[in-house]
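work.pdb, holding PDB, C-alpha atoms, pLDDT in the B column:
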MODEL        1
ATOM      1  CA  MET A   1      -1.176   1.693   1.315  1.00 83.00           C
ATOM      2  CA  ALA A   2       0.194  -1.800   0.721  1.00 85.00           C
ATOM      3  CA  PHE A   3      -3.300  -3.263   0.673  1.00 85.00           C
ATOM      4  CA  ASP A   4      -4.442  -0.687  -1.879  1.00 88.00           C
ATOM      5  CA  TYR A   5      -1.372  -1.517  -3.966  1.00 87.00           C
ATOM      6  CA  LEU A   6      -2.161  -5.234  -3.816  1.00 85.00           C
ATOM      7  CA  ILE A   7      -5.808  -4.853  -4.823  1.00 85.00           C
ATOM      8  CA  ALA A   8      -4.920  -2.366  -7.589  1.00 86.00           C
ATOM      9  CA  ASN A   9      -6.780   0.534  -6.004  1.00 90.00           C
ATOM     10  CA  ASN A  10      -5.119   3.377  -7.876  1.00 90.00           C
ATOM     11  CA  ASP A  11      -7.539   5.903  -6.351  1.00 89.00           C
ATOM     12  CA  ALA A  12      -6.288   5.452  -2.785  1.00 89.00           C
ATOM     13  CA  HIS A  13      -5.577   8.815  -1.146  1.00 88.00           C
ATOM     14  CA  GLY A  14      -4.121   9.604   2.239  1.00 84.00           C
ATOM     15  CA  LYS A  15      -7.398  11.306   3.148  1.00 83.00           C
ATOM     16  CA  ASN A  16      -9.051   7.867   3.020  1.00 85.00           C
ATOM     17  CA  VAL A  17      -7.093   6.787   6.102  1.00 86.00           C
ATOM     18  CA  SER A  18      -7.887   8.211   9.518  1.00 89.00           C
ATOM     19  CA  LEU A  19      -7.044   7.659  13.141  1.00 90.00           C
ATOM     20  CA  LEU A  20      -9.553   7.657  15.956  1.00 94.00           C
ATOM     21  CA  ARG A  21      -8.417   8.914  19.323  1.00 94.00           C
ATOM     22  CA  ASP A  22      -9.860   7.278  22.393  1.00 90.00           C
ATOM     23  CA  PRO A  23      -8.776   8.783  25.735  1.00 92.00           C
ATOM     24  CA  ALA A  24      -8.714   5.339  27.339  1.00 92.00           C
ATOM     25  CA  GLU A  25      -7.191   3.333  24.484  1.00 89.00           C
ATOM     26  CA  GLY A  26      -5.165   5.911  22.595  1.00 93.00           C
ATOM     27  CA  ALA A  27      -5.081   6.185  18.814  1.00 94.00           C
ATOM     28  CA  ARG A  28      -6.324   3.441  16.527  1.00 92.00           C
ATOM     29  CA  LEU A  29      -7.001   3.059  12.850  1.00 88.00           C
ATOM     30  CA  ALA A  30     -10.502   4.108  11.809  1.00 90.00           C
ATOM     31  CA  PRO A  31     -12.570   1.629   9.791  1.00 90.00           C
ATOM     32  CA  LEU A  32     -11.350   1.529   6.220  1.00 86.00           C
ATOM     33  CA  TYR A  33     -13.522   2.633   3.335  1.00 84.00           C
ATOM     34  CA  ASP A  34     -13.303   3.321  -0.391  1.00 85.00           C
ATOM     35  CA  LEU A  35     -11.453   0.063  -0.967  1.00 88.00           C
ATOM     36  CA  GLY A  36     -11.784  -1.468  -4.386  1.00 88.00           C
ATOM     37  CA  CYS A  37      -9.877  -2.421  -7.477  1.00 88.00           C
ATOM     38  CA  THR A  38      -9.995   0.599  -9.773  1.00 90.00           C
ATOM     39  CA  SER A  39      -7.534  -0.622 -12.385  1.00 85.00           C
ATOM     40  CA  VAL A  40     -10.184  -2.785 -14.065  1.00 85.00           C
ATOM     41  CA  TYR A  41     -12.294   0.227 -15.076  1.00 88.00           C
ATOM     42  CA  ALA A  42     -11.555   1.874 -18.393  1.00 89.00           C
ATOM     43  CA  GLY A  43     -11.235   5.621 -18.259  1.00 88.00           C
ATOM     44  CA  LEU A  44      -9.874   5.869 -14.709  1.00 87.00           C
ATOM     45  CA  PRO A  45      -6.304   7.063 -14.160  1.00 84.00           C
ATOM     46  CA  SER A  46      -3.771   4.247 -14.393  1.00 85.00           C
ATOM     47  CA  GLY A  47      -1.262   5.869 -12.046  1.00 90.00           C
ATOM     48  CA  MET A  48      -1.460   5.421  -8.284  1.00 91.00           C
ATOM     49  CA  ALA A  49      -2.775   8.405  -6.331  1.00 91.00           C
ATOM     50  CA  MET A  50       0.014   7.907  -3.767  1.00 91.00           C
ATOM     51  CA  ARG A  51       3.475   7.037  -4.993  1.00 92.00           C
ATOM     52  CA  ILE A  52       5.509   4.224  -3.545  1.00 92.00           C
ATOM     53  CA  GLY A  53       8.993   5.611  -3.276  1.00 90.00           C
ATOM     54  CA  ALA A  54       9.242   7.662  -6.453  1.00 90.00           C
ATOM     55  CA  GLU A  55       7.091   5.305  -8.522  1.00 92.00           C
ATOM     56  CA  GLU A  56       3.599   6.206  -9.705  1.00 91.00           C
ATOM     57  CA  SER A  57       2.987   3.098 -11.814  1.00 89.00           C
ATOM     58  CA  ALA A  58       2.065   0.002  -9.777  1.00 85.00           C
ATOM     59  CA  GLU A  59       3.499  -2.236 -12.479  1.00 83.00           C
ATOM     60  CA  GLN A  60       6.896  -0.571 -12.076  1.00 87.00           C
ATOM     61  CA  VAL A  61       7.128  -0.753  -8.250  1.00 87.00           C
ATOM     62  CA  ARG A  62      10.169  -2.713  -7.128  1.00 87.00           C
ATOM     63  CA  SER A  63      11.858  -3.395  -3.825  1.00 85.00           C
ATOM     64  CA  GLU A  64      13.899  -0.176  -4.066  1.00 89.00           C
ATOM     65  CA  ASP A  65      10.679   1.853  -4.139  1.00 91.00           C
ATOM     66  CA  TRP A  66       9.490   0.208  -0.901  1.00 90.00           C
ATOM     67  CA  ARG A  67      12.909   0.903   0.652  1.00 90.00           C
ATOM     68  CA  ARG A  68      12.596   4.580  -0.302  1.00 93.00           C
ATOM     69  CA  LEU A  69       9.091   4.679   1.190  1.00 91.00           C
ATOM     70  CA  ALA A  70      10.344   3.115   4.425  1.00 92.00           C
ATOM     71  CA  GLU A  71      13.272   5.500   4.670  1.00 93.00           C
ATOM     72  CA  GLY A  72      11.022   8.489   3.966  1.00 92.00           C
ATOM     73  CA  ALA A  73       8.794   7.386   6.852  1.00 90.00           C
ATOM     74  CA  ALA A  74      11.821   6.833   9.113  1.00 94.00           C
ATOM     75  CA  LEU A  75      11.157   3.070   9.226  1.00 91.00           C
ATOM     76  CA  PRO A  76      13.822   0.413   8.896  1.00 93.00           C
ATOM     77  CA  PRO A  77      13.195  -1.351   5.559  1.00 89.00           C
ATOM     78  CA  ALA A  78      13.494  -4.736   7.307  1.00 89.00           C
ATOM     79  CA  ALA A  79      10.648  -3.793   9.662  1.00 91.00           C
ATOM     80  CA  LEU A  80       8.458  -2.754   6.750  1.00 89.00           C
ATOM     81  CA  SER A  81       9.225  -6.052   5.056  1.00 86.00           C
ATOM     82  CA  ARG A  82       8.217  -8.007   8.206  1.00 88.00           C
ATOM     83  CA  TRP A  83       4.919  -6.099   8.382  1.00 87.00           C
ATOM     84  CA  LEU A  84       4.131  -6.522   4.683  1.00 85.00           C
ATOM     85  CA  ARG A  85       5.145 -10.149   4.207  1.00 82.00           C
ATOM     86  CA  PRO A  86       2.019 -11.652   5.915  1.00 84.00           C
ATOM     87  CA  LEU A  87      -0.228  -9.423   3.820  1.00 82.00           C
ATOM     88  CA  VAL A  88       1.493 -10.494   0.609  1.00 80.00           C
ATOM     89  CA  ASP A  89       1.421 -14.158   1.614  1.00 79.00           C
ATOM     90  CA  ARG A  90      -2.351 -14.062   2.209  1.00 79.00           C
ATOM     91  CA  ALA A  91      -3.238 -12.321  -1.042  1.00 74.00           C
ATOM     92  CA  PRO A  92      -4.938 -14.921  -3.268  1.00 66.00           C
ATOM     93  CA  TYR A  93      -3.554 -13.568  -6.542  1.00 63.00           C
ATOM     94  CA  LEU A  94      -1.044 -10.826  -7.050  1.00 62.00           C
ATOM     95  CA  GLY A  95       0.139 -11.216 -10.592  1.00 59.00           C
ATOM     96  CA  ASP A  96       3.286  -9.132 -10.894  1.00 57.00           C
ATOM     97  CA  ARG A  97       2.320  -6.810  -8.033  1.00 61.00           C
ATOM     98  CA  GLY A  98       3.634  -9.162  -5.346  1.00 59.00           C
ATOM     99  CA  LEU A  99       7.114  -9.025  -6.820  1.00 55.00           C
ATOM    100  CA  GLY A 100       7.535  -5.384  -5.888  1.00 61.00           C
ATOM    101  CA  LEU A 101       6.947  -6.061  -2.210  1.00 61.00           C
ATOM    102  CA  ILE A 102      10.015  -8.206  -1.689  1.00 59.00           C
ATOM    103  CA  LEU A 103      12.363  -5.891   0.199  1.00 55.00           C
TER     104      LEU A 103
ENDMDL
END
Could you rewrite the structure in this file as structure tokens?
Amino acid sequence: MAFDYLIANNDAHGKNVSLLRDPAEGARLAPLYDLGCTSVYAGLPSGMAMRIGAEESAEQVRSEDWRRLAEGAALPPAALSRWLRPLVDRAPYLGDRGLGLIL
């Protein structure tokens, strides 16, 4: 979800993410697909398919929205911040989107 937010993929749906179950190794993330920046195409919805916290507009996402997301998933916000920080730090250009990830 954070990666889709960072690349401005407003068409990211939960159905695009799957887990594979291996009896020997347990569950793991399935290969990702349908990843791409959709916000550059005219005529596509500008709102995110999955809200972050209560926010539908990527440009309006702030740290409070990530806290709400973490709390809704029963995750400590500090843990979410530790997981997201390396992703944000490696993104080559975020514009204003990176600002919303600071928890």
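The closest residue to Leu44 in chain A, picked from A:Ala8, A:Leu80, A:Leu75, A:Val17 and counting only C-alpha atoms, is A:Ala8.
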Give me, as a Markdown table, each residue of range 69-92 of chain A that comes within 12 Å of range 54-59 of chain A, together with its shortest interatomic pair and the distance in Å at one decimal, counting all atoms listed in the file, with rows ordered by chain and rising residue number.
| residue | atom | partner | partner_atom | distance |
| --- | --- | --- | --- | --- |
| A:Leu69 | CA | A:Ala54 | CA | 8.2 |
| A:Ala70 | CA | A:Ala54 | CA | 11.8 |
| A:Gly72 | CA | A:Ala54 | CA | 10.6 |
For Asp4 in chain A: contacts at 10 Å, all atoms listed in the file, fewer than 2 positions along chain excluded, given as a list in words: Met1, Ala2, Leu6, Ile7, Ala8, Asn9, Asn10, Asp11, Ala12, His13, Asp34, Leu35, Gly36, Cys37, Thr38, Met48 and Met50 of chain A
Just how far from CA of Phe3 in chain A is CA of Ser18 in chain A, in Å to one decimal?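 CA of Phe3 in chain A lies 15.2 Å from CA of Ser18 in chain A.
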Could you tell me which of A:Asn16, A:Arg82, A:Gly43, A:Pro76 comes closest to Pro31 in chain A if we count all atoms listed in the file?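 Ranked by minimum distance to Pro31 in chain A, first place goes to A:Asn16.
Across the model, the gap from CA of Ser81 in chain A to CA of Arg21 in chain A is 27.2 Å.
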Between A:Tyr5, A:Ala78, A:Arg51, A:Pro23, smallest distance to Asp65 in chain A by only C-alpha atoms belongs to A:Arg51
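Proximity to Gly14 in chain A was assessed for A:Trp83, A:Ala49, A:Ser63, A:Tyr41 counting only C-alpha atoms; the smallest distance is recorded for A:Ala49.
Among the candidates A:Arg90, A:Leu29, A:Ile52, A:Arg85, the residue lying nearest to Ala73 in chain A is A:Ile52 (atoms considered: all atoms listed in the file).
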Of the candidates A:Leu19, A:Val61, A:Trp66, A:Gly47, which one gets nearest to Leu84 in chain A if we count only C-alpha atoms?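 Comparing A:Leu19, A:Val61, A:Trp66, A:Gly47 against Leu84 in chain A, the winner is A:Trp66.
Here CA of Glu64 in chain A stands at a distance of 16.8 Å from CA of Val88 in chain A.
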